[in-house]
Amino acid sequence: MSTIDASSLSFAKDSSENDNLALIQCRYKDMLITCPKEKGWVSENLYMYQGFWHFSNISYDVFSIEAMMAIQNTFQAQPTDIYLITLPKSGTTWIKAVTYAIVNRERYKNSTLSSHPLLAYNPHKCVPFLETEVFGKTSVYVDGCLPRLFATHIPYTSLLQSILDSGCRIVYMCRNPKDVLVSLFHFTNKLRDKSRCQMAFDEAFEMFSKGIMPYGPYWDHVKGYYNFSLEHPKSILFLTYEDMKEDTVNRVKHIAEFLGYPFTKEEEARGVVGEIVRLCGFKSLSEVNKHGDFREGVPNDAFFREGKVGDWRKHLTDEMTKVLTQITEQKFHGMDISFEVGAHVQN
Ligand code: PAP
């Protein structure tokens with residue numbers, strides 16, 4: 001059992017790659033002109049395509065609508081692949097770490113604790129995004145390592161047909177929209193360069209409520225995968241960040257079973273589940289990622305802020321809370337989805 005070696009990830013570019021980007025940009029230029037456009041969060045603009053908002057700024061390092069379209073036409077999923085799908089700020093980094101640790105536990109079982117990739121690298125380096133790392137370096141990931149572990153923010157309506165046809169496993173994680181808003185707001189201000197002033201929370205709230213966020217509207221993204229999970233429960237595991245927080249041990253066991261990597265009784269007795277929970281916990285990962293950059297302009301620590309459920313209470317006014325509660329109740333009407341955690345009241 002092995003997967004992508006974190007140390008093999010390279011983001012180096014050469015001139016032929018730049019030529020390739022120019023070709024792709026040219027191919028989709030006319031289509032992009034027809035897409036509705038709005039002001040972006042970190043990026044200057046967002047473009048609406050197939051009902052969702054996307055970045056456009058083609059490069060191998062940043063998410064873009066062009067990269068998504070290019071991989072839609074070229075990427076070949078395999079039945080043994082695992083895809084981790086999230087909206088930004090819904091627990092991507094956490095689920096990447098947990099899944100990587102689960103499927104690679106045999107591989108690292110004899111290594112010293114400090115040599116585990118998650119104790120040296122950002123989880124984003126261990127599990128590549130289709131839209132960025134895979135788009136830029138496809139060949140790196142087609143090297144026979146199984147299972148291939150990938151992540152994406154692509155909404156269900158645009159999900160690669162190849163993934164849907166492959167019979168592979170998908171894990172989808174969502175989070176309370178109010179906490180997603182707050183997390184995205186802070187992330188945006190951390191990443192905005194000097195050319196753009198800091199975003200005000202009122203503005204973030206307005207945009208989020210109108211559904212304008214990368215890969216949003218939030219509600220449509222969640223609903224798309226929720227409905228898919230009802231139709232194909234063996235293909236997709238639908239999780240919430242709040243559930244995962246409330247009972248991490250059992251959720252980790254559940255994910256392992258779903259992916260076909262269940263913990264043995266002997267592993268449980270040895271405390272392997274607890275080790276993975278600790279290794280992937282906020283405390284451990286935020287410590288490992290205190291310094292350095294994931295990529296230019298994106299410090300590792302930008303992915304670790306509070307790591308809590310319900311931080312929205314410190315940011316949203318009563319009126320804002322009411323608005324988001326109403327939209328969520330309306331959009332999620334009839335869905336069995338809750339962001340409540342034990343004593344925390346989330347709605
Ligand atoms: P991404 O989609 O851009 O990769 P993502 O990882 O989904 O971001 O979101 C980051 C959020 O997850 C942050 O939430 P906060 O702003 O409310 O604090 C971050 O703190 C939280 N997070 C990161 N790692 C963990 C973890 N191991 N456990 C719990 N929460 C985590």
# chains A, B, ... in the order shown; residues from 1 in each chain; ligands from 1
call {"tool": "residues_near_ligand", "arguments": {"ligand": "ligand 1", "cutoff": "9 Å", "atoms": "only C-alpha atoms and all ligand atoms", "output": "short mmCIF file (atom, residue, chain, number, x, y, z; two decimals) with N, CA, C and O atoms, in the first residue's frame"}}
result
data_model
loop_
_atom_site.label_atom_id
_atom_site.label_comp_id
_atom_site.auth_asym_id
_atom_site.auth_seq_id
_atom_site.Cartn_x
_atom_site.Cartn_y
_atom_site.Cartn_z
N THR A 86 -14.38 19.20 -1.11
CA THR A 86 -14.82 20.18 -0.10
C THR A 86 -15.05 21.51 -0.79
O THR A 86 -14.52 21.76 -1.87
N LEU A 87 -15.77 22.36 -0.11
CA LEU A 87 -15.74 23.78 -0.43
C LEU A 87 -14.55 24.35 0.34
O LEU A 87 -14.23 23.83 1.42
N PRO A 88 -13.91 25.41 -0.16
CA PRO A 88 -12.83 26.00 0.62
C PRO A 88 -13.30 26.30 2.05
O PRO A 88 -14.45 26.69 2.27
N LYS A 89 -12.41 26.09 2.99
CA LYS A 89 -12.61 26.42 4.41
C LYS A 89 -13.61 25.50 5.12
O LYS A 89 -14.17 25.86 6.16
N SER A 90 -13.80 24.33 4.58
CA SER A 90 -14.75 23.39 5.18
C SER A 90 -14.06 22.21 5.85
O SER A 90 -14.73 21.24 6.23
N GLY A 91 -12.74 22.26 5.95
CA GLY A 91 -12.00 21.16 6.57
C GLY A 91 -11.13 20.40 5.60
O GLY A 91 -10.72 19.25 5.87
N THR A 92 -10.78 21.04 4.48
CA THR A 92 -9.96 20.39 3.45
C THR A 92 -8.63 19.88 4.02
O THR A 92 -8.26 18.72 3.82
N THR A 93 -7.93 20.77 4.72
CA THR A 93 -6.61 20.42 5.22
C THR A 93 -6.70 19.24 6.19
O THR A 93 -5.88 18.31 6.16
N TRP A 94 -7.71 19.26 7.01
CA TRP A 94 -7.89 18.21 8.02
C TRP A 94 -8.20 16.87 7.36
O TRP A 94 -7.58 15.85 7.67
N ILE A 95 -9.16 16.86 6.43
CA ILE A 95 -9.55 15.60 5.80
C ILE A 95 -8.41 15.06 4.93
O ILE A 95 -8.23 13.85 4.80
N LYS A 96 -7.61 15.96 4.36
CA LYS A 96 -6.44 15.50 3.60
C LYS A 96 -5.49 14.76 4.54
O LYS A 96 -5.00 13.67 4.22
N ALA A 97 -5.22 15.37 5.68
CA ALA A 97 -4.28 14.75 6.63
C ALA A 97 -4.81 13.39 7.10
O ALA A 97 -4.08 12.39 7.09
N VAL A 98 -6.07 13.37 7.50
CA VAL A 98 -6.66 12.14 8.05
C VAL A 98 -6.62 11.01 7.02
O VAL A 98 -6.20 9.89 7.31
N PRO A 123 -0.32 19.25 4.87
CA PRO A 123 -1.14 18.19 4.25
C PRO A 123 -1.46 18.48 2.78
O PRO A 123 -1.65 17.57 1.99
N HIS A 124 -1.47 19.75 2.42
CA HIS A 124 -1.72 20.10 1.01
C HIS A 124 -0.61 19.62 0.10
O HIS A 124 -0.79 19.49 -1.11
N HIS A 153 -12.09 21.07 -5.24
CA HIS A 153 -13.23 21.88 -4.80
C HIS A 153 -14.33 21.89 -5.87
O HIS A 153 -15.33 22.59 -5.72
N MET A 173 -16.66 16.63 2.59
CA MET A 173 -16.82 17.24 3.92
C MET A 173 -17.36 18.66 3.79
O MET A 173 -16.85 19.45 3.00
N CYS A 174 -18.43 18.94 4.58
CA CYS A 174 -18.94 20.31 4.59
C CYS A 174 -18.91 20.84 6.03
O CYS A 174 -18.61 20.09 6.97
N ARG A 175 -19.22 22.11 6.17
CA ARG A 175 -19.11 22.77 7.48
C ARG A 175 -20.19 23.83 7.59
O ARG A 175 -20.67 24.35 6.57
N ASP A 179 -19.42 29.37 9.89
CA ASP A 179 -17.99 29.21 10.15
C ASP A 179 -17.17 29.23 8.86
O ASP A 179 -16.02 29.68 8.86
N VAL A 180 -17.76 28.75 7.76
CA VAL A 180 -17.06 28.84 6.47
C VAL A 180 -16.86 30.31 6.10
O VAL A 180 -15.76 30.72 5.71
N LEU A 181 -17.90 31.10 6.27
CA LEU A 181 -17.81 32.53 5.98
C LEU A 181 -16.69 33.19 6.80
O LEU A 181 -15.84 33.90 6.25
N VAL A 182 -16.68 32.94 8.08
CA VAL A 182 -15.69 33.56 8.96
C VAL A 182 -14.28 33.11 8.58
O VAL A 182 -13.34 33.91 8.48
N SER A 183 -14.13 31.82 8.33
CA SER A 183 -12.82 31.28 7.98
C SER A 183 -12.33 31.86 6.65
O SER A 183 -11.18 32.25 6.53
N LEU A 184 -13.23 31.95 5.68
CA LEU A 184 -12.86 32.48 4.36
C LEU A 184 -12.50 33.97 4.46
O LEU A 184 -11.58 34.44 3.79
N PHE A 185 -13.23 34.67 5.30
CA PHE A 185 -12.96 36.10 5.51
C PHE A 185 -11.52 36.29 6.02
O PHE A 185 -10.75 37.10 5.49
N HIS A 186 -11.14 35.54 7.04
CA HIS A 186 -9.78 35.69 7.59
C HIS A 186 -8.71 35.23 6.60
O HIS A 186 -7.66 35.86 6.47
N PHE A 187 -9.00 34.13 5.90
CA PHE A 187 -8.05 33.60 4.92
C PHE A 187 -7.82 34.65 3.82
O PHE A 187 -6.69 34.91 3.40
N TYR A 241 -17.81 18.78 9.25
CA TYR A 241 -16.67 19.18 10.09
C TYR A 241 -17.07 19.05 11.56
O TYR A 241 -16.30 18.60 12.41
N MET A 244 -17.16 15.50 12.77
CA MET A 244 -15.77 15.04 12.86
C MET A 244 -15.13 15.59 14.14
O MET A 244 -14.36 14.90 14.80
N LYS A 245 -15.47 16.82 14.49
CA LYS A 245 -14.95 17.42 15.73
C LYS A 245 -15.51 16.71 16.95
O LYS A 245 -14.81 16.48 17.92
N VAL A 277 -5.49 10.33 15.02
CA VAL A 277 -6.28 11.50 15.45
C VAL A 277 -5.34 12.60 15.96
O VAL A 277 -5.49 13.77 15.61
N ARG A 278 -4.35 12.21 16.75
CA ARG A 278 -3.42 13.21 17.30
C ARG A 278 -2.53 13.81 16.20
O ARG A 278 -2.34 15.02 16.12
N LEU A 279 -2.02 12.93 15.33
CA LEU A 279 -1.14 13.37 14.25
C LEU A 279 -1.83 14.41 13.35
O LEU A 279 -1.21 15.35 12.88
N CYS A 280 -3.13 14.21 13.14
CA CYS A 280 -3.89 15.07 12.22
C CYS A 280 -4.66 16.15 12.96
O CYS A 280 -5.42 16.91 12.32
N GLY A 281 -4.53 16.21 14.25
CA GLY A 281 -5.27 17.20 15.03
C GLY A 281 -4.74 18.60 14.78
O GLY A 281 -3.61 18.80 14.31
N PHE A 282 -5.56 19.57 15.08
CA PHE A 282 -5.22 20.98 14.86
C PHE A 282 -3.90 21.34 15.54
O PHE A 282 -3.05 22.03 14.98
N LYS A 283 -3.73 20.84 16.78
CA LYS A 283 -2.54 21.21 17.57
C LYS A 283 -1.26 20.76 16.85
O LYS A 283 -0.33 21.54 16.68
N SER A 284 -1.26 19.51 16.44
CA SER A 284 -0.07 18.97 15.80
C SER A 284 0.20 19.64 14.45
O SER A 284 1.31 20.12 14.18
N LEU A 285 -0.83 19.71 13.61
CA LEU A 285 -0.62 20.26 12.26
C LEU A 285 -0.26 21.74 12.30
O LEU A 285 0.58 22.21 11.53
N SER A 286 -0.90 22.49 13.21
CA SER A 286 -0.60 23.93 13.23
C SER A 286 0.82 24.18 13.73
O SER A 286 1.49 25.12 13.30
N ASP A 301 0.86 28.69 7.56
CA ASP A 301 -0.02 28.90 8.73
C ASP A 301 -1.39 29.50 8.36
O ASP A 301 -2.28 29.58 9.20
N ALA A 302 -1.56 29.89 7.08
CA ALA A 302 -2.87 30.43 6.67
C ALA A 302 -3.97 29.38 6.75
O ALA A 302 -5.15 29.72 6.81
N PHE A 303 -3.58 28.11 6.77
CA PHE A 303 -4.58 27.04 6.80
C PHE A 303 -4.97 26.64 8.23
O PHE A 303 -5.77 25.73 8.43
N PHE A 304 -4.33 27.29 9.19
CA PHE A 304 -4.60 26.93 10.59
C PHE A 304 -4.85 28.21 11.38
O PHE A 304 -3.94 28.98 11.64
N ARG A 305 -6.09 28.45 11.73
CA ARG A 305 -6.43 29.68 12.44
C ARG A 305 -6.92 29.32 13.83
O ARG A 305 -6.16 29.29 14.78
N GLU A 306 -8.21 28.98 13.96
CA GLU A 306 -8.77 28.61 15.26
C GLU A 306 -9.05 27.11 15.32
O GLU A 306 -8.89 26.49 16.35
N GLY A 307 -9.56 26.60 14.21
CA GLY A 307 -9.90 25.16 14.16
C GLY A 307 -11.02 24.79 15.11
O GLY A 307 -11.02 23.72 15.71
N LYS A 308 -11.98 25.70 15.27
CA LYS A 308 -13.06 25.48 16.23
C LYS A 308 -14.42 25.47 15.56
O LYS A 308 -14.59 26.02 14.48
N VAL A 309 -15.37 24.92 16.27
CA VAL A 309 -16.77 24.98 15.85
C VAL A 309 -17.41 26.18 16.52
O VAL A 309 -17.24 26.39 17.73
N GLY A 310 -18.10 27.02 15.73
CA GLY A 310 -18.88 28.10 16.34
C GLY A 310 -18.15 29.43 16.51
O GLY A 310 -18.65 30.32 17.19
N ASP A 311 -17.00 29.58 15.85
CA ASP A 311 -16.29 30.87 15.96
C ASP A 311 -17.11 32.01 15.35
O ASP A 311 -16.86 33.18 15.63
N TRP A 312 -18.09 31.64 14.53
CA TRP A 312 -18.93 32.67 13.89
C TRP A 312 -19.61 33.57 14.91
O TRP A 312 -19.92 34.72 14.64
#
call {"tool": "select_by_dssp", "arguments": {"residues": "segment 45-93 of chain A", "states": "strand (DSSP E or B)", "output": "PyMOL selection string"}}
result
chain A and resi 45-49+52-54+82-86
call {"tool": "residues_around", "arguments": {"residues": "Met48 of chain A", "least_positions_apart": "3", "cutoff": "7 Å", "atoms": "only C-alpha atoms", "output": "list of chain:residue names"}}
result
A:Cys35, A:Pro36, A:Lys37, A:Gly51, A:Phe52, A:Trp53, A:His54
call {"tool": "write_last_selection", "arguments": {"atoms": "all heavy atoms", "output": "short mmCIF file (atom, residue, chain, number, x, y, z; two decimals), in the first residue's frame"}}
result
data_model
loop_
_atom_site.label_atom_id
_atom_site.label_comp_id
_atom_site.auth_asym_id
_atom_site.auth_seq_id
_atom_site.Cartn_x
_atom_site.Cartn_y
_atom_site.Cartn_z
N CYS A 35 -19.13 34.36 -19.54
CA CYS A 35 -19.50 33.99 -18.16
C CYS A 35 -19.82 35.25 -17.34
O CYS A 35 -19.06 36.22 -17.38
CB CYS A 35 -18.35 33.28 -17.46
SG CYS A 35 -18.01 31.65 -18.10
N PRO A 36 -20.89 35.24 -16.55
CA PRO A 36 -21.12 36.36 -15.63
C PRO A 36 -19.92 36.53 -14.70
O PRO A 36 -19.26 35.55 -14.35
CB PRO A 36 -22.35 35.90 -14.83
CG PRO A 36 -23.00 34.87 -15.68
CD PRO A 36 -21.91 34.20 -16.46
N LYS A 37 -19.64 37.78 -14.34
CA LYS A 37 -18.43 38.09 -13.58
C LYS A 37 -18.79 38.88 -12.32
O LYS A 37 -19.69 39.70 -12.36
CB LYS A 37 -17.55 38.91 -14.50
CG LYS A 37 -16.19 39.23 -14.00
CD LYS A 37 -15.33 39.72 -15.18
CE LYS A 37 -14.95 41.16 -14.98
NZ LYS A 37 -14.12 41.69 -16.06
N GLY A 51 -23.29 27.28 -12.98
CA GLY A 51 -23.97 27.59 -11.73
C GLY A 51 -23.07 27.87 -10.53
O GLY A 51 -23.56 28.08 -9.42
N PHE A 52 -21.73 27.90 -10.75
CA PHE A 52 -20.82 28.11 -9.62
C PHE A 52 -19.74 29.14 -9.97
O PHE A 52 -19.42 29.33 -11.15
CB PHE A 52 -20.16 26.78 -9.22
CG PHE A 52 -21.13 25.83 -8.58
CD1 PHE A 52 -21.91 25.00 -9.37
CD2 PHE A 52 -21.31 25.81 -7.21
CE1 PHE A 52 -22.84 24.14 -8.80
CE2 PHE A 52 -22.24 24.95 -6.62
CZ PHE A 52 -23.00 24.12 -7.41
N TRP A 53 -19.22 29.78 -8.93
CA TRP A 53 -18.22 30.84 -9.11
C TRP A 53 -16.80 30.27 -9.10
O TRP A 53 -16.45 29.49 -8.21
CB TRP A 53 -18.35 31.89 -8.00
CG TRP A 53 -19.65 32.63 -8.09
CD1 TRP A 53 -20.76 32.43 -7.32
CD2 TRP A 53 -19.98 33.66 -9.03
NE1 TRP A 53 -21.77 33.28 -7.73
CE2 TRP A 53 -21.33 34.04 -8.77
CE3 TRP A 53 -19.30 34.30 -10.06
CZ2 TRP A 53 -21.97 35.04 -9.50
CZ3 TRP A 53 -19.94 35.30 -10.79
CH2 TRP A 53 -21.26 35.65 -10.51
N HIS A 54 -16.02 30.70 -10.08
CA HIS A 54 -14.65 30.19 -10.22
C HIS A 54 -13.65 31.32 -10.42
O HIS A 54 -14.00 32.39 -10.92
CB HIS A 54 -14.56 29.28 -11.46
CG HIS A 54 -15.39 28.05 -11.36
ND1 HIS A 54 -14.89 26.85 -10.92
CD2 HIS A 54 -16.70 27.83 -11.65
CE1 HIS A 54 -15.86 25.94 -10.95
NE2 HIS A 54 -16.97 26.51 -11.38
#
call {"tool": "closest_atom_pairs", "arguments": {"of": "segment 96-208 of chain A", "to": "segment 314-338 of chain A", "cutoff": "9 Å", "atoms": "only C-alpha atoms", "output": "Markdown table"}}
result
| residue | atom | partner | partner_atom | distance |
| --- | --- | --- | --- | --- |
| A:Asn176 | CA | A:Ser338 | CA | 8.3 |
| A:Pro177 | CA | A:Leu324 | CA | 7.8 |
| A:Lys178 | CA | A:Leu324 | CA | 7.2 |
| A:Val182 | CA | A:His315 | CA | 7.1 |
| A:Phe201 | CA | A:His315 | CA | 8.0 |
| A:Phe205 | CA | A:Met320 | CA | 7.6 |
call {"tool": "atom_distance", "arguments": {"atom1": "atom CA of Phe263 of chain A", "atom2": "atom CA of Glu246 of chain A"}}
result
20.1 Å
call {"tool": "atom_distance", "arguments": {"atom1": "atom CA of Cys168 of chain A", "atom2": "atom CA of Glu268 of chain A"}}
result
26.3 Å
call {"tool": "select_by_dssp", "arguments": {"residues": "segment 43-225 of chain A", "states": "helix (DSSP H, G or I)", "output": "PyMOL selection string"}}
result
chain A and resi 65-74+92-103+113-115+117-119+123-126+130-136+138-141+156-158+161-166+177-191+201-209+218-225
call {"tool": "closest_residue", "arguments": {"among": "A:Glu296, A:Glu231, A:Glu66, A:Glu131", "to": "Ile85 of chain A", "atoms": "only C-alpha atoms"}}
result
A:Glu131
call {"tool": "residues_around", "arguments": {"residues": "Met213 of chain A", "least_positions_apart": "4", "cutoff": "8 Å", "atoms": "only C-alpha atoms", "output": "PDB file with N, CA, C and O atoms, in the first residue's frame"}}
result
ATOM      1  N   GLY A  40     -13.996  39.378  -6.875  1.00  0.00           N
ATOM      2  CA  GLY A  40     -13.578  38.195  -6.127  1.00  0.00           C
ATOM      3  C   GLY A  40     -13.203  38.486  -4.682  1.00  0.00           C
ATOM      4  O   GLY A  40     -13.313  39.622  -4.225  1.00  0.00           O
ATOM      5  N   TRP A  41     -12.772  37.468  -3.978  1.00  0.00           N
ATOM      6  CA  TRP A  41     -12.316  37.602  -2.600  1.00  0.00           C
ATOM      7  C   TRP A  41     -10.816  37.866  -2.636  1.00  0.00           C
ATOM      8  O   TRP A  41     -10.401  39.001  -2.533  1.00  0.00           O
ATOM      9  N   LEU A  46     -14.442  36.729  -9.955  1.00  0.00           N
ATOM     10  CA  LEU A  46     -14.931  35.353  -9.997  1.00  0.00           C
ATOM     11  C   LEU A  46     -15.859  35.251 -11.198  1.00  0.00           C
ATOM     12  O   LEU A  46     -16.558  36.217 -11.536  1.00  0.00           O
ATOM     13  N   TRP A  53     -19.219  29.783  -8.926  1.00  0.00           N
ATOM     14  CA  TRP A  53     -18.216  30.845  -9.107  1.00  0.00           C
ATOM     15  C   TRP A  53     -16.800  30.274  -9.096  1.00  0.00           C
ATOM     16  O   TRP A  53     -16.452  29.487  -8.209  1.00  0.00           O
ATOM     17  N   MET A 207     -21.363  39.188   0.175  1.00  0.00           N
ATOM     18  CA  MET A 207     -20.988  38.322  -0.955  1.00  0.00           C
ATOM     19  C   MET A 207     -21.371  36.872  -0.677  1.00  0.00           C
ATOM     20  O   MET A 207     -21.946  36.190  -1.517  1.00  0.00           O
ATOM     21  N   PHE A 208     -21.059  36.425   0.527  1.00  0.00           N
ATOM     22  CA  PHE A 208     -21.352  35.024   0.889  1.00  0.00           C
ATOM     23  C   PHE A 208     -22.856  34.752   0.814  1.00  0.00           C
ATOM     24  O   PHE A 208     -23.292  33.732   0.284  1.00  0.00           O
ATOM     25  N   PRO A 217     -22.303  29.091  -5.099  1.00  0.00           N
ATOM     26  CA  PRO A 217     -22.900  29.258  -3.778  1.00  0.00           C
ATOM     27  C   PRO A 217     -22.653  28.055  -2.842  1.00  0.00           C
ATOM     28  O   PRO A 217     -22.751  26.903  -3.277  1.00  0.00           O
ATOM     29  N   TYR A 218     -22.355  28.396  -1.595  1.00  0.00           N
ATOM     30  CA  TYR A 218     -22.127  27.382  -0.570  1.00  0.00           C
ATOM     31  C   TYR A 218     -23.217  26.312  -0.606  1.00  0.00           C
ATOM     32  O   TYR A 218     -22.948  25.113  -0.666  1.00  0.00           O
TER      33      TYR A 218
END
call {"tool": "closest_residue", "arguments": {"among": "A:Val222, A:Val42, A:Val273, A:Ala151", "to": "Glu133 of chain A", "atoms": "only C-alpha atoms"}}
result
A:Ala151
call {"tool": "residues_around", "arguments": {"residues": "Gln161 of chain A", "least_positions_apart": "4", "cutoff": "12 Å", "atoms": "only C-alpha atoms", "output": "PyMOL selection string"}}
result
chain A and resi 69+71-78+154+156-157+165-168
call {"tool": "residues_around", "arguments": {"residues": "Ile82 of chain A", "least_positions_apart": "5", "cutoff": "8 Å", "atoms": "only C-alpha atoms", "output": "list of chain:residue names"}}
result
A:Pro147, A:Arg148, A:Leu149, A:Phe150, A:Cys168, A:Arg169, A:Ile170, A:Val171, A:Leu259
call {"tool": "residues_around", "arguments": {"residues": "His116 of chain A", "least_positions_apart": "4", "cutoff": "12 Å", "atoms": "only C-alpha atoms", "output": "list in words"}}
result
Asp5, Ala6, Ser7, Ala97, Tyr100, Ala101, Asn104, Arg105, Glu106, Arg107, Tyr108, Lys109, Asn110, Ser111, Thr112, Ala120, Tyr121, Asn122, Pro123, Cys126, Glu275, Ile276, Leu279, Cys280, Leu285 and Val288 of chain A
